[in-house]
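Novice: Input structure: data22.pdb, which contains PDB, C-alpha atoms.
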```pdb
ATOM      1  CA  MET Q 284      59.135 -10.100 -39.253
ATOM      2  CA  VAL Q 285      56.580 -11.233 -36.661
ATOM      3  CA  THR Q 286      57.976 -13.766 -34.231
ATOM      4  CA  SER Q 287      55.993 -16.718 -32.922
ATOM      5  CA  ASP Q 288      55.797 -15.105 -29.463
ATOM      6  CA  GLN Q 289      54.482 -11.875 -30.944
ATOM      7  CA  ARG Q 290      51.910 -13.817 -32.957
ATOM      8  CA  ARG Q 291      50.751 -15.706 -29.851
ATOM      9  CA  ARG Q 292      50.379 -12.455 -27.942
ATOM     10  CA  GLN Q 293      48.450 -10.923 -30.824
ATOM     11  CA  LEU Q 294      46.077 -13.906 -30.990
ATOM     12  CA  ALA Q 295      45.575 -13.823 -27.230
ATOM     13  CA  ARG Q 296      44.815 -10.100 -27.351
ATOM     14  CA  GLU Q 297      42.320 -10.567 -30.195
ATOM     15  CA  LYS Q 298      40.629 -13.405 -28.280
ATOM     16  CA  TYR Q 299      40.375 -11.229 -25.160
ATOM     17  CA  GLU Q 300      38.875  -8.348 -27.170
ATOM     18  CA  ARG Q 301      36.303 -10.679 -28.709
ATOM     19  CA  GLN Q 302      35.336 -11.943 -25.259
ATOM     20  CA  GLN Q 303      34.935  -8.394 -23.970
ATOM     21  CA  ARG Q 304      32.756  -7.463 -26.946
ATOM     22  CA  ARG Q 305      30.534 -10.492 -26.391
ATOM     23  CA  ARG Q 306      30.184  -9.671 -22.710
ATOM     24  CA  GLU Q 307      29.280  -6.069 -23.431
ATOM     25  CA  GLU Q 308      26.740  -7.147 -26.059
ATOM     26  CA  ALA Q 309      25.174  -9.497 -23.506
ATOM     27  CA  ARG Q 310      24.918  -6.670 -20.976
ATOM     28  CA  ARG Q 311      23.289  -4.359 -23.485
ATOM     29  CA  ARG Q 312      20.775  -7.074 -24.252
ATOM     30  CA  THR Q 313      20.129  -7.554 -20.560
ATOM     31  CA  ARG Q 314      19.318  -3.882 -20.024
ATOM     32  CA  ARG Q 315      17.342  -3.553 -23.259
ATOM     33  CA  LEU Q 316      15.102  -6.554 -22.963
ATOM     34  CA  THR Q 317      14.242  -6.659 -19.243
ATOM     35  CA  LEU Q 318      15.426 -10.225 -19.583
ATOM     36  CA  ALA Q 319      14.287 -13.335 -21.446
ATOM     37  CA  ILE Q 320      13.521 -16.675 -19.895
ATOM     38  CA  THR Q 321      15.866 -19.487 -20.813
ATOM     39  CA  SER Q 322      13.099 -21.999 -21.279
ATOM     40  CA  ALA Q 323      10.800 -19.501 -22.937
ATOM     41  CA  VAL Q 324       8.911 -21.787 -25.300
ATOM     42  CA  ALA Q 325       7.663 -24.173 -22.612
ATOM     43  CA  VAL Q 326       7.251 -21.810 -19.701
ATOM     44  CA  VAL Q 327       5.908 -18.635 -21.299
ATOM     45  CA  ALA Q 328       3.230 -20.556 -23.177
ATOM     46  CA  VAL Q 329       1.637 -21.615 -19.895
ATOM     47  CA  ILE Q 330       2.646 -18.882 -17.482
ATOM     48  CA  ALA Q 331       1.784 -16.196 -20.044
ATOM     49  CA  GLY Q 332       4.923 -14.213 -19.622
ATOM     50  CA  ALA Q 333       5.482 -14.791 -15.937
ATOM     51  CA  THR Q 334       9.265 -14.454 -16.098
ATOM     52  CA  TYR Q 335      11.978 -12.112 -17.373
ATOM     53  CA  LEU Q 336      15.396 -13.687 -17.141
ATOM     54  CA  ALA Q 337      18.569 -12.088 -18.377
ATOM     55  CA  THR Q 338      20.004 -13.752 -21.468
ATOM     56  CA  SER Q 339      23.625 -14.492 -22.126
ATOM     57  CA  GLY Q 340      25.408 -13.555 -25.337
ATOM     58  CA  ASP Q 341      24.834 -16.991 -26.875
ATOM     59  CA  ASP Q 342      23.196 -16.999 -30.292
ATOM     60  CA  ASP Q 343      20.697 -19.658 -29.186
ATOM     61  CA  LYS Q 344      19.422 -17.382 -26.436
ATOM     62  CA  ASP Q 345      18.669 -14.662 -28.995
ATOM     63  CA  LYS Q 346      15.708 -16.751 -30.106
ATOM     64  CA  THR Q 347      14.037 -16.241 -26.732
ATOM     65  CA  ASP Q 348      14.120 -12.446 -26.913
ATOM     66  CA  ALA Q 349      10.646 -12.264 -28.408
ATOM     67  CA  ALA Q 350       9.317 -14.140 -25.394
ATOM     68  CA  ALA Q 351      10.896 -11.806 -22.840
ATOM     69  CA  SER Q 352       8.681 -11.193 -19.831
ATOM     70  CA  GLN Q 353       8.966 -10.905 -16.056
ATOM     71  CA  SER Q 354      11.080 -12.889 -13.587
ATOM     72  CA  PRO Q 355      13.688 -12.380 -10.858
ATOM     73  CA  SER Q 356      16.887 -11.413 -12.584
ATOM     74  CA  ALA Q 357      20.289  -9.967 -11.906
ATOM     75  CA  GLU Q 358      23.373  -9.147 -13.908
ATOM     76  CA  ALA Q 359      25.897 -11.001 -11.810
ATOM     77  CA  SER Q 360      28.923 -10.809 -14.094
ATOM     78  CA  PRO Q 361      31.669  -8.230 -13.572
ATOM     79  CA  SER Q 362      31.826  -5.306 -15.981
ATOM     80  CA  PRO Q 363      34.212  -5.521 -18.988
ATOM     81  CA  THR Q 364      36.824  -3.542 -17.061
ATOM     82  CA  GLU Q 365      36.641  -5.762 -13.953
ATOM     83  CA  GLU Q 366      38.110  -9.146 -13.190
ATOM     84  CA  ALA Q 367      35.810 -11.643 -11.537
ATOM     85  CA  LYS Q 368      36.512 -11.957  -7.834
ATOM     86  CA  PRO Q 369      36.733 -15.349  -6.171
ATOM     87  CA  GLU Q 370      33.830 -16.595  -4.109
ATOM     88  CA  PRO Q 371      34.425 -15.955  -0.384
ATOM     89  CA  ALA Q 372      36.304 -18.706   1.427
ATOM     90  CA  MET Q 373      33.992 -21.056   3.291
ATOM     91  CA  LYS Q 374      33.949 -19.928   6.934
ATOM     92  CA  ILE Q 375      30.487 -20.841   8.169
ATOM     93  CA  ASP Q 376      29.436 -23.963  10.024
ATOM     94  CA  LYS Q 377      27.872 -26.092   7.299
ATOM     95  CA  LYS Q 378      25.780 -27.974   9.829
ATOM     96  CA  ALA Q 379      24.267 -24.873  11.426
ATOM     97  CA  LYS Q 380      21.385 -22.544  10.696
ATOM     98  CA  TYR Q 381      21.733 -18.793  10.303
ATOM     99  CA  THR Q 382      19.233 -15.971  10.547
ATOM    100  CA  MET Q 383      19.273 -13.102   8.054
ATOM    101  CA  SER Q 384      17.693  -9.960   9.496
ATOM    102  CA  LEU Q 385      16.871  -6.840   7.487
ATOM    103  CA  LYS Q 386      15.975  -3.559   9.102
ATOM    104  CA  THR Q 387      13.999  -1.664   6.462
ATOM    105  CA  SER Q 388      11.882   1.442   6.109
ATOM    106  CA  GLN Q 389       8.825  -0.830   5.834
ATOM    107  CA  GLY Q 390       9.534  -2.941   8.900
ATOM    108  CA  ASP Q 391      11.854  -5.725   9.940
ATOM    109  CA  ILE Q 392      12.189  -8.769   7.707
ATOM    110  CA  ALA Q 393      13.830 -11.990   8.879
ATOM    111  CA  PHE Q 394      14.270 -15.595   7.803
ATOM    112  CA  THR Q 395      16.428 -18.610   8.570
ATOM    113  CA  MET Q 396      18.994 -20.173   6.226
ATOM    114  CA  ASP Q 397      19.955 -23.840   6.526
ATOM    115  CA  ALA Q 398      23.666 -24.050   5.743
ATOM    116  CA  SER Q 399      23.474 -27.809   5.266
ATOM    117  CA  LYS Q 400      21.267 -27.245   2.210
ATOM    118  CA  THR Q 401      22.695 -23.970   0.885
ATOM    119  CA  PRO Q 402      26.269 -23.645   2.190
ATOM    120  CA  HIS Q 403      27.587 -21.417  -0.601
ATOM    121  CA  THR Q 404      24.589 -19.086  -0.472
ATOM    122  CA  THR Q 405      24.666 -18.848   3.317
ATOM    123  CA  ASN Q 406      28.421 -18.313   3.408
ATOM    124  CA  SER Q 407      28.237 -15.582   0.760
ATOM    125  CA  PHE Q 408      25.510 -13.657   2.563
ATOM    126  CA  LYS Q 409      27.349 -14.000   5.867
ATOM    127  CA  SER Q 410      30.547 -12.669   4.280
ATOM    128  CA  LEU Q 411      28.779  -9.743   2.579
ATOM    129  CA  ALA Q 412      26.710  -8.848   5.627
ATOM    130  CA  ASP Q 413      29.809  -8.770   7.822
ATOM    131  CA  LYS Q 414      31.268  -6.212   5.399
ATOM    132  CA  LYS Q 415      28.039  -4.142   5.580
ATOM    133  CA  PHE Q 416      27.585  -4.681   1.844
ATOM    134  CA  PHE Q 417      23.797  -4.331   2.022
ATOM    135  CA  ASP Q 418      23.562  -1.456   4.486
ATOM    136  CA  GLY Q 419      22.121   1.618   2.786
ATOM    137  CA  THR Q 420      20.780  -0.289  -0.231
ATOM    138  CA  LYS Q 421      17.168  -0.626  -1.351
ATOM    139  CA  CYS Q 422      14.801  -3.237  -2.733
ATOM    140  CA  HIS Q 423      14.715  -1.981  -6.291
ATOM    141  CA  ARG Q 424      12.046  -4.082  -7.975
ATOM    142  CA  LEU Q 425       8.485  -5.157  -7.251
ATOM    143  CA  THR Q 426       6.447  -7.424  -9.525
ATOM    144  CA  THR Q 427       2.689  -7.588  -9.015
ATOM    145  CA  GLU Q 428       1.423  -9.587 -11.988
ATOM    146  CA  ASN Q 429       1.881 -13.293 -12.810
ATOM    147  CA  ILE Q 430       4.654 -13.518 -10.244
ATOM    148  CA  TYR Q 431       4.681 -11.691  -6.926
ATOM    149  CA  VAL Q 432       8.139 -10.821  -5.685
ATOM    150  CA  LEU Q 433      10.138  -8.028  -4.116
ATOM    151  CA  GLN Q 434      13.752  -8.024  -5.259
ATOM    152  CA  CYS Q 435      16.619  -6.692  -3.144
ATOM    153  CA  GLY Q 436      20.382  -6.944  -2.730
ATOM    154  CA  ASP Q 437      21.648  -4.729  -5.545
ATOM    155  CA  PRO Q 438      24.216  -2.153  -4.388
ATOM    156  CA  LYS Q 439      23.527  -0.099  -7.518
ATOM    157  CA  GLY Q 440      19.760  -0.163  -7.118
ATOM    158  CA  ASP Q 441      19.056  -0.730 -10.809
ATOM    159  CA  GLY Q 442      19.238  -4.507 -11.196
ATOM    160  CA  THR Q 443      22.776  -4.620 -12.591
ATOM    161  CA  GLY Q 444      24.847  -4.651  -9.410
ATOM    162  CA  GLY Q 445      26.479  -7.480  -7.538
ATOM    163  CA  PRO Q 446      29.470  -8.479  -5.431
ATOM    164  CA  GLY Q 447      31.805  -9.091  -8.381
ATOM    165  CA  TYR Q 448      31.668 -12.871  -8.075
ATOM    166  CA  THR Q 449      29.097 -15.611  -8.571
ATOM    167  CA  ILE Q 450      28.007 -18.581  -6.477
ATOM    168  CA  PRO Q 451      26.680 -21.981  -7.538
ATOM    169  CA  ASP Q 452      23.012 -22.918  -7.621
ATOM    170  CA  GLU Q 453      21.851 -24.972  -4.642
ATOM    171  CA  ASN Q 454      18.761 -26.726  -3.302
ATOM    172  CA  LEU Q 455      16.955 -26.552  -6.656
ATOM    173  CA  THR Q 456      14.899 -29.691  -6.018
ATOM    174  CA  ALA Q 457      13.512 -28.401  -2.707
ATOM    175  CA  LEU Q 458      10.238 -27.218  -4.245
ATOM    176  CA  GLY Q 459       9.527 -30.413  -6.131
ATOM    177  CA  LYS Q 460       9.711 -31.575  -9.715
ATOM    178  CA  ALA Q 461       8.779 -29.175 -12.501
ATOM    179  CA  GLY Q 462       5.393 -29.702 -14.078
ATOM    180  CA  ALA Q 463       4.556 -29.951 -17.749
ATOM    181  CA  ASP Q 464       4.878 -26.178 -18.010
ATOM    182  CA  GLY Q 465       8.476 -26.308 -16.745
ATOM    183  CA  SER Q 466       7.672 -24.513 -13.512
ATOM    184  CA  VAL Q 467       7.237 -25.127  -9.802
ATOM    185  CA  THR Q 468       5.395 -23.107  -7.195
ATOM    186  CA  TYR Q 469       7.510 -20.832  -5.035
ATOM    187  CA  PRO Q 470       5.208 -20.483  -2.014
ATOM    188  CA  ALA Q 471       4.522 -17.151  -0.349
ATOM    189  CA  GLY Q 472       7.284 -16.495   2.155
ATOM    190  CA  THR Q 473      10.032 -18.081   0.062
ATOM    191  CA  VAL Q 474      13.346 -16.253  -0.264
ATOM    192  CA  ALA Q 475      15.412 -17.190  -3.326
ATOM    193  CA  MET Q 476      18.389 -16.058  -5.359
ATOM    194  CA  ALA Q 477      18.047 -14.002  -8.534
ATOM    195  CA  ASN Q 478      20.363 -14.854 -11.425
ATOM    196  CA  THR Q 479      21.180 -13.975 -15.011
ATOM    197  CA  GLY Q 480      19.225 -16.847 -16.516
ATOM    198  CA  GLN Q 481      22.377 -18.962 -16.711
ATOM    199  CA  GLN Q 482      23.416 -21.679 -14.281
ATOM    200  CA  HIS Q 483      25.513 -20.735 -11.260
ATOM    201  CA  THR Q 484      25.252 -16.952 -11.695
ATOM    202  CA  GLY Q 485      23.849 -15.915  -8.340
ATOM    203  CA  GLY Q 486      25.443 -12.844  -6.808
ATOM    204  CA  SER Q 487      23.982 -10.644  -4.083
ATOM    205  CA  GLN Q 488      20.462 -10.108  -5.414
ATOM    206  CA  PHE Q 489      17.602 -12.077  -3.923
ATOM    207  CA  PHE Q 490      13.818 -11.963  -4.029
ATOM    208  CA  LEU Q 491      11.059 -12.256  -1.454
ATOM    209  CA  VAL Q 492       7.915 -14.065  -2.612
ATOM    210  CA  TYR Q 493       4.807 -12.513  -1.059
ATOM    211  CA  LYS Q 494       2.227 -14.593  -2.955
ATOM    212  CA  ASP Q 495       2.503 -18.069  -4.483
ATOM    213  CA  SER Q 496       4.363 -17.703  -7.796
ATOM    214  CA  LYS Q 497       5.122 -20.179 -10.567
ATOM    215  CA  LEU Q 498       8.691 -20.043 -11.847
ATOM    216  CA  PRO Q 499      11.220 -22.463 -13.325
ATOM    217  CA  PRO Q 500      13.141 -24.343 -10.602
ATOM    218  CA  THR Q 501      16.329 -22.478 -11.430
ATOM    219  CA  TYR Q 502      16.447 -20.057  -8.508
ATOM    220  CA  THR Q 503      18.124 -21.207  -5.301
ATOM    221  CA  PRO Q 504      15.509 -21.205  -2.498
ATOM    222  CA  PHE Q 505      17.424 -20.537   0.691
ATOM    223  CA  GLY Q 506      14.987 -19.226   3.283
ATOM    224  CA  THR Q 507      11.397 -18.761   4.422
ATOM    225  CA  MET Q 508      10.121 -15.572   6.027
ATOM    226  CA  ASP Q 509       8.279 -15.678   9.316
ATOM    227  CA  ALA Q 510       4.646 -14.518   9.434
ATOM    228  CA  LYS Q 511       5.462 -10.981  10.560
ATOM    229  CA  SER Q 512       8.060 -10.525   7.817
ATOM    230  CA  LEU Q 513       5.737 -11.877   5.133
ATOM    231  CA  LYS Q 514       3.040  -9.450   6.253
ATOM    232  CA  ALA Q 515       5.473  -6.530   5.827
ATOM    233  CA  VAL Q 516       6.339  -7.612   2.278
ATOM    234  CA  GLU Q 517       2.671  -8.218   1.450
ATOM    235  CA  ALA Q 518       1.954  -4.603   2.415
ATOM    236  CA  VAL Q 519       4.611  -3.409  -0.019
ATOM    237  CA  GLY Q 520       3.097  -5.581  -2.743
ATOM    238  CA  LYS Q 521      -0.404  -4.319  -2.018
ATOM    239  CA  ALA Q 522       0.731  -0.692  -2.385
ATOM    240  CA  GLY Q 523       1.920  -1.517  -5.906
ATOM    241  CA  VAL Q 524       4.560  -0.202  -8.242
ATOM    242  CA  ASP Q 525       5.553   3.437  -8.312
ATOM    243  CA  GLY Q 526       3.784   5.058 -11.271
ATOM    244  CA  GLY Q 527       1.505   2.070 -11.779
ATOM    245  CA  GLY Q 528       2.172  -0.947 -13.953
ATOM    246  CA  PRO Q 529       3.043  -4.515 -12.954
ATOM    247  CA  ASP Q 530       6.797  -4.178 -12.537
ATOM    248  CA  GLY Q 531       9.202  -1.545 -11.276
ATOM    249  CA  ALA Q 532      10.291   0.281  -8.150
ATOM    250  CA  PRO Q 533       7.859  -0.286  -5.265
ATOM    251  CA  LYS Q 534       5.581   2.630  -4.431
ATOM    252  CA  LYS Q 535       6.454   2.065  -0.779
ATOM    253  CA  ALA Q 536      10.216   2.467  -0.911
ATOM    254  CA  VAL Q 537      12.013  -0.334   0.905
ATOM    255  CA  ASN Q 538      15.346   0.999   2.131
ATOM    256  CA  ILE Q 539      17.632  -1.386   3.998
ATOM    257  CA  SER Q 540      19.441   0.407   6.820
ATOM    258  CA  LYS Q 541      21.098  -2.733   8.149
ATOM    259  CA  LEU Q 542      21.363  -6.387   7.168
ATOM    260  CA  THR Q 543      22.925  -8.961   9.471
ATOM    261  CA  VAL Q 544      23.523 -12.702   9.329
ATOM    262  CA  ASP Q 545      23.940 -14.528  12.642
ATOM    263  CA  LYS Q 546      24.290 -18.145  13.624
ATOM    264  CA  VAL Q 547      21.205 -19.507  15.361
TER     265      VAL Q 547
END
```
For the file at hand, write its structure as structure tokens.
Specialist:
Amino acid sequence: MVTSDQRRRQLAREKYERQQRRREEARRRTRRLTLAITSAVAVVAVIAGATYLATSGDDDKDKTDAAASQSPSAEASPSPTEEAKPEPAMKIDKKAKYTMSLKTSQGDIAFTMDASKTPHTTNSFKSLADKKFFDGTKCHRLTTENIYVLQCGDPKGDGTGGPGYTIPDENLTALGKAGADGSVTYPAGTVAMANTGQQHTGGSQFFLVYKDSKLPPTYTPFGTMDAKSLKAVEAVGKAGVDGGGPDGAPKKAVNISKLTVDKV
């Protein structure tokens, strides 16, 4: 005879297994589709496929698969065998500014982060940089059509890696109110967080905008490159994607030997 405790454990186990299956299905969709935009109907109609956001496992998001296109994306969730880690404890000065500096094979790239506007983002990058999380990684994705971004910060180098935790969206109104097409302009020089297409799913991946790009205001903008840094990223964009095409690994490999975050 099955006791009530045994039944509760059985139901809990079945619920857990269902959750794991849904998560794995969402990840397969993410890899298979190169990501669908959450507001596909409004945005893709005007931007003509300017974004490719990762979808979640929700049934409603399945309807956007046909509109999948190109946009900064990252699979921020832990794998089915991992438990989500907590966001790093807040240790930065929320009133200060911090400089993120990248030493790369294509030149130095630097920008300032305002902790008063993006405290969680700044604190996360400071914590990861102090652990040398980004050292030895590469900027794995370049997009040269419709949107113009170089994406970095993935320890795996394939768009699916992250720190094992997520951080909340911040500063989303900084670039103004979305237009009728559901997008705002991310000016050249902007540095913003990639995400899975869902709210509050930023991890370690970020993108560098080297030419004005229209995107939904759902990516945390947290820095602006200086002129020298922008010029270095523009050169990578001009060289194009390895093997041709509008999206993929940059022809000029951008390897990050060291990334630091220091208080200004």
Novice: Could you pull the residues within 12 Å of Q:Asp413, counting all atoms listed in the file, minus those fewer than 5 positions along the same chain, as a ChimeraX atom specification?
Specialist: /Q:371,374,383,406-408,418,541-545
Novice: Selection in question (the file shown): the PyMOL selection byres ((chain Q and resi 533) around 8). Which residues does it include, as an MDAnalysis selection string?
Specialist: chainID Q and resid 422:425 519:520 522:525 531:532 534:537
Novice: Next, write the just-selected residues to a file, as a compact mmCIF listing (two decimals), in the frame of the given file, keeping C-alpha atoms as the atom set.
Specialist:
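Writing the result to part_16.txt gives the following:
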```txt
# COMPACT_ATOMS: atom_id res chain seq x y z
CA CYS Q 422 14.80 -3.24 -2.73
CA HIS Q 423 14.72 -1.98 -6.29
CA ARG Q 424 12.05 -4.08 -7.98
CA LEU Q 425 8.48 -5.16 -7.25
CA VAL Q 519 4.61 -3.41 -0.02
CA GLY Q 520 3.10 -5.58 -2.74
CA ALA Q 522 0.73 -0.69 -2.38
CA GLY Q 523 1.92 -1.52 -5.91
CA VAL Q 524 4.56 -0.20 -8.24
CA ASP Q 525 5.55 3.44 -8.31
CA GLY Q 531 9.20 -1.54 -11.28
CA ALA Q 532 10.29 0.28 -8.15
CA LYS Q 534 5.58 2.63 -4.43
CA LYS Q 535 6.45 2.06 -0.78
CA ALA Q 536 10.22 2.47 -0.91
CA VAL Q 537 12.01 -0.33 0.90
```
Novice: Which residues, named as in the file, does the PyMOL selection byres ((chain Q and resi 402) around 10) pick out? Answer as a PyMOL selection string.
Specialist: chain Q and resi 373-380+396-401+403-407+451+453-454+505
Novice: Up to 6 Å from (17.3, -18.3, -7.3) in the file's coordinates: name the residues, counting all atoms listed in the file, as a VMD selection string.
Specialist: chain Q and resid 475 to 477 501 to 504
Novice: (21.9, -4.1, -4.0) in this file's frame - what residues fall within 9 Å of it? Use all atoms listed in the file and give the answer as a PyMOL selection string.
Specialist: chain Q and resi 416-417+419-423+435-446+487-488
Novice: For Q:Leu498, which of Q:Ser512, Q:Ser384, Q:Ser356, Q:Ser540 is the closest residue, counting only C-alpha atoms?
Specialist: Q:Ser356
Novice: Using only C-alpha atoms, which residue out of Q:Thr473, Q:Gln482, Q:Thr468, Q:Gln293 lies closest to Q:Leu433?
Specialist: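 Distance minimum relative to Q:Leu433 lands on Q:Thr473.
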Novice: Give me the residues near Q:His483 as a PyMOL selection string, where near means some atom within 7 Å (using all atoms listed in the file) and where sequence neighbours in that chain fewer than 5 positions away do not count.
Specialist: chain Q and resi 449-452
Novice: Please produce a file of those selected residues containing C-alpha atoms, as a compact mmCIF listing (two decimals), keeping the file's coordinate frame.
Specialist:
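out-v9.txt was written with the following content:
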```txt
# COMPACT_ATOMS: atom_id res chain seq x y z
CA THR Q 449 29.10 -15.61 -8.57
CA ILE Q 450 28.01 -18.58 -6.48
CA PRO Q 451 26.68 -21.98 -7.54
CA ASP Q 452 23.01 -22.92 -7.62
```
Novice: Pick from Q:Ala367, Q:Ala518, Q:Leu513, Q:Val547: nearest to Q:Ile392, with only C-alpha atoms counted?
Specialist: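 Closest candidate: Q:Leu513.
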Novice: Check the smallest atom-to-atom distance from each of Q:Gln434, Q:Thr387, Q:Thr395, Q:Asn429 to Q:Pro529 using all atoms listed in the file, then report the winner.
Specialist: Q:Asn429
Novice: Could you check how far atom CA of Q:Lys409 sits from atom CA of Q:Pro369, in Å to one decimal?
Specialist: 15.3 Å
Novice: Can you work out the spacing between atom CA of Q:Asp495 and atom CA of Q:Gly480 in Å, to one decimal?
Specialist: 20.6 Å
Novice: Please, what distance in Å, to one decimal, runs between atom CA of Q:Ser388 and atom CA of Q:Lys521?
Specialist: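 Interatomic distance here is 15.8 Å.
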Novice: Restricting the calculation to all atoms listed in the file: of Q:Lys298, Q:Lys494, Q:Lys386, Q:Lys546, which residue gets closest to Q:Thr426?
Specialist: Q:Lys494
Novice: Using all atoms listed in the file, find the one residue out of Q:Thr507, Q:Thr382, Q:Ser354, Q:Thr427 that sits nearest to Q:Val474.
Specialist: Q:Thr507
